[in-house]
Amino acid sequence: ILIALGCSVMHSVLRVVNFAHAGVCMAGMFAGLGLLQLCPGGGLALALPGAMAVAAILGMGIERWVYRPLRTAPAPNLLAASIGVALLIGYGGRLILGSAPRIFPMTGPDLRFQPAAGLEISSAQLTVVGVALLLMVMLKAVVFHTRMGLAMRAVAQNRNAAQLAGVNPGLVIATIFALGSALAGAAGVLHASLHPAIDPLGAMIPGLKGIVAAIIGGLGSLRGAIGGGLLLGLLEAAIAASPAAPYGDGAVFALLMLVLLFRTTGLFARRDT
């Protein structure tokens, strides 16, 4: 959901899908790993803000050096650039870090609860849900209850009119990229805390699924991103508990194709950013 939210926020100004978001997620994941290796025992209190900061800086760099020169270019050029950046980050990470999986350290005590027969919940899962909810609330507060959020919505609706009203579009777009990328970095760390075996290319899969969730829910809509993320999560959970578990990823992209064919604006489309 966090990746889908960041992707939707960026789409509001780019008007194309930012596939580089998957690479930013991977970079945040390994930034968190590096911080925990330097300071063992730091937990999420260290890994999460550190990964978000690294991802935000990377996102602003991508906006400054890749998207800003192409801001007036046709949409296919931006789309090709975003795919190129994603591949560059993924294969660059593989070149630097190697292809062997790394183990993400535990970020807290491994406690398990059994609220009902056949249902087991770990403390790590509860932590991920709690942190994700907190970040979603903070994002909503920034977008709808701050002056920068007002400027972000103005630029998303009409960049030229916002500039005439005194808004600096360049600063706002850079802020949007920093915010969206920070969410991707946080999502990377939270994902790694539940699935600790990570490698550079495999670490991009959660980012790609987050982008798929944003498209399914409706690009440009925060509600759509949340709805798409929940729907995708329920679909994957249902398939994982069935004999079709090996085909879970295929089902995700099959759903994407159906949405693109029959509901091109997304299942929960409503532009609100």
# chains A, B, ... in the order shown; residues from 1 in each chain; ligands from 1
>>> residues_around(residues="segment 112-126 of chain A", least_positions_apart="2", cutoff="12 Å", atoms="only C-alpha atoms", output="list in words")
Gly43, Leu44, Met106, Thr107, Gly108, Pro109, Asp110, Val128, Val129, Gly130, Val131, Ala132, Leu133, Val189, Leu190, His191, Ala192, Ser193, Leu194, His195 and Pro196 of chain A
>>> residues_around(residues="segment 79-91 of chain A", least_positions_apart="2", cutoff="8 Å", atoms="only C-alpha atoms", output="mmCIF file with C-alpha atoms, in the first residue's frame")
data_model
loop_
_atom_site.group_PDB
_atom_site.id
_atom_site.type_symbol
_atom_site.label_atom_id
_atom_site.label_comp_id
_atom_site.auth_asym_id
_atom_site.auth_seq_id
_atom_site.Cartn_x
_atom_site.Cartn_y
_atom_site.Cartn_z
ATOM 1 C CA VAL A 16 2.993 8.402 -16.361
ATOM 2 C CA VAL A 17 3.760 5.323 -14.251
ATOM 3 C CA ASN A 18 7.059 5.750 -12.430
ATOM 4 C CA PHE A 19 8.662 2.303 -12.696
ATOM 5 C CA ALA A 20 11.811 3.691 -11.072
ATOM 6 C CA HIS A 21 9.801 3.532 -7.844
ATOM 7 C CA ALA A 22 10.549 -0.209 -7.677
ATOM 8 C CA GLY A 23 14.278 0.539 -7.729
ATOM 9 C CA VAL A 24 13.876 3.140 -4.977
ATOM 10 C CA MET A 26 15.026 -1.844 -3.351
ATOM 11 C CA ALA A 27 17.532 0.890 -2.464
ATOM 12 C CA VAL A 66 16.119 12.312 -15.212
ATOM 13 C CA TYR A 67 12.563 13.633 -15.123
ATOM 14 C CA ALA A 75 4.739 10.626 -22.137
ATOM 15 C CA PRO A 76 6.411 7.648 -23.889
ATOM 16 C CA ASN A 77 9.801 9.292 -23.328
ATOM 17 C CA GLY A 93 22.682 -2.998 -7.187
ATOM 18 C CA ARG A 94 23.345 -6.532 -8.384
ATOM 19 C CA LEU A 95 26.756 -5.482 -9.739
ATOM 20 C CA PRO A 200 18.846 -6.706 -5.489
ATOM 21 C CA LEU A 201 16.605 -7.888 -8.334
ATOM 22 C CA MET A 204 12.285 -4.947 -6.775
#
>>> closest_residue(among="A:Cys7, A:Leu267, A:Leu97, A:Leu33", to="Leu231 of chain A", atoms="only C-alpha atoms")
A:Leu267
>>> select_by_dssp(residues="segment 64-179 of chain A", states="strand (DSSP E)", output="ChimeraX atom specification")
/A:102-103,112-116,119-122
>>> residues_around(residues="segment 249-252 of chain A", least_positions_apart="3", cutoff="8 Å", atoms="only C-alpha atoms", output="list of chain:residue names")
A:Lys209, A:Leu232, A:Leu235, A:Glu236, A:Pro246, A:Leu255, A:Leu256
>>> residues_around(residues="Ala203 of chain A", least_positions_apart="5", cutoff="8 Å", atoms="only C-alpha atoms", output="MDAnalysis selection string")
chainID A and resid 25:26 29 188 198
>>> atom_distance(atom1="atom CA of Ala174 of chain A", atom2="atom CA of Leu230 of chain A")
28.0 Å
>>> closest_residue(among="A:Met10, A:Ala73, A:Leu5, A:Ile103", to="Gly32 of chain A", atoms="only C-alpha atoms")
A:Ile103
>>> closest_residue(among="A:Leu78, A:Val137, A:Leu208, A:Leu219", to="Ala184 of chain A", atoms="only C-alpha atoms")
A:Leu208
>>> select_by_dssp(residues="segment 19-170 of chain A", states="alpha helix (DSSP H)", output="compact mmCIF listing (two decimals) with C-alpha atoms, in the first residue's frame")
# COMPACT_ATOMS: atom_id res chain seq x y z
CA ALA A 20 11.81 3.69 -11.07
CA HIS A 21 9.80 3.53 -7.84
CA ALA A 22 10.55 -0.21 -7.68
CA GLY A 23 14.28 0.54 -7.73
CA VAL A 24 13.88 3.14 -4.98
CA CYS A 25 12.11 0.53 -2.85
CA MET A 26 15.03 -1.84 -3.35
CA ALA A 27 17.53 0.89 -2.46
CA GLY A 28 15.64 1.66 0.75
CA MET A 29 15.59 -2.03 1.64
CA PHE A 30 19.37 -2.37 1.32
CA ALA A 31 19.97 0.98 3.02
CA GLY A 32 18.09 -0.37 6.02
CA LEU A 33 20.14 -3.57 5.87
CA GLY A 34 23.38 -1.59 5.77
CA LEU A 35 22.38 0.52 8.77
CA LEU A 36 21.47 -2.54 10.82
CA GLN A 37 24.78 -4.18 9.92
CA LEU A 38 26.65 -1.06 11.06
CA GLY A 43 15.84 -2.13 14.99
CA LEU A 44 13.17 -0.27 13.06
CA ALA A 45 13.95 2.91 15.00
CA LEU A 46 17.21 3.09 13.05
CA ALA A 47 16.47 1.26 9.81
CA LEU A 48 13.15 2.92 8.99
CA PRO A 49 14.09 6.63 9.11
CA GLY A 50 17.49 5.89 7.60
CA ALA A 51 15.99 4.01 4.65
CA MET A 52 13.37 6.71 4.16
CA ALA A 53 16.08 9.40 4.08
CA VAL A 54 18.20 7.47 1.55
CA ALA A 55 15.16 6.76 -0.61
CA ALA A 56 14.02 10.39 -0.48
CA ILE A 57 17.46 11.62 -1.59
CA LEU A 58 17.54 9.06 -4.39
CA GLY A 59 14.03 10.04 -5.49
CA MET A 60 14.93 13.73 -5.61
CA GLY A 61 18.05 12.87 -7.59
CA ILE A 62 16.01 10.90 -10.12
CA ALA A 75 4.74 10.63 -22.14
CA PRO A 76 6.41 7.65 -23.89
CA ASN A 77 9.80 9.29 -23.33
CA LEU A 78 9.13 9.62 -19.60
CA LEU A 79 7.89 6.04 -19.43
CA ALA A 80 10.99 4.73 -21.19
CA ALA A 81 13.19 6.79 -18.86
CA SER A 82 11.45 5.40 -15.77
CA ILE A 83 11.95 1.81 -16.97
CA GLY A 84 15.59 2.56 -17.75
CA VAL A 85 16.20 4.02 -14.28
CA ALA A 86 14.53 1.00 -12.64
CA LEU A 87 16.75 -1.39 -14.57
CA LEU A 88 19.83 0.73 -13.88
CA ILE A 89 19.19 0.66 -10.12
CA GLY A 90 18.35 -3.05 -10.11
CA TYR A 91 21.31 -4.26 -12.14
CA GLY A 92 23.61 -1.65 -10.60
CA GLY A 93 22.68 -3.00 -7.19
CA ARG A 94 23.34 -6.53 -8.38
CA LEU A 95 26.76 -5.48 -9.74
CA ILE A 96 27.75 -3.79 -6.47
CA LEU A 97 26.10 -6.10 -3.95
CA SER A 123 4.63 -9.36 16.52
CA ALA A 124 6.52 -8.42 13.33
CA GLN A 125 3.28 -8.46 11.34
CA LEU A 126 1.53 -6.29 13.92
CA THR A 127 4.46 -3.87 13.86
CA VAL A 128 4.36 -3.62 10.06
CA VAL A 129 0.61 -2.94 10.08
CA GLY A 130 0.97 -0.32 12.82
CA VAL A 131 3.85 1.51 11.13
CA ALA A 132 2.10 1.42 7.75
CA LEU A 133 -1.09 2.88 9.24
CA LEU A 134 0.92 5.61 10.97
CA LEU A 135 2.67 6.54 7.72
CA MET A 136 -0.65 6.62 5.85
CA VAL A 137 -2.14 8.96 8.45
CA MET A 138 0.94 11.18 8.24
CA LEU A 139 0.71 11.26 4.44
CA LYS A 140 -2.94 12.26 4.60
CA ALA A 141 -2.11 15.00 7.10
CA VAL A 142 0.62 16.38 4.82
CA VAL A 143 -1.48 16.26 1.65
CA PHE A 144 -4.73 17.65 3.06
CA HIS A 145 -3.76 19.76 6.08
CA ARG A 147 0.29 24.51 2.86
CA MET A 148 2.70 22.26 0.98
CA GLY A 149 -0.11 19.73 0.56
CA LEU A 150 -2.32 22.47 -0.88
CA ALA A 151 0.47 23.42 -3.29
CA MET A 152 0.91 19.77 -4.25
CA ARG A 153 -2.78 19.42 -5.10
CA ALA A 154 -2.71 22.68 -7.02
CA VAL A 155 0.27 21.59 -9.13
CA ALA A 156 -1.36 18.20 -9.73
CA GLN A 157 -4.53 19.85 -11.03
CA ARG A 159 0.73 23.35 -13.02
CA ASN A 160 0.56 26.61 -14.99
CA ALA A 161 -2.30 28.05 -12.95
CA ALA A 162 -0.50 27.09 -9.72
CA GLN A 163 2.63 28.90 -10.93
CA LEU A 164 0.60 32.02 -11.70
CA PRO A 169 6.27 23.91 -9.28
CA GLY A 170 9.89 22.76 -9.25
>>> atom_distance(atom1="atom CA of Gly266 of chain A", atom2="atom CA of Val9 of chain A")
15.1 Å
>>> atom_distance(atom1="atom CA of Ala100 of chain A", atom2="atom CA of Pro243 of chain A")
29.1 Å
>>> closest_residue(among="A:Ala182, A:Ala4, A:Ile239, A:Val259", to="Ile216 of chain A", atoms="only C-alpha atoms")
A:Val259
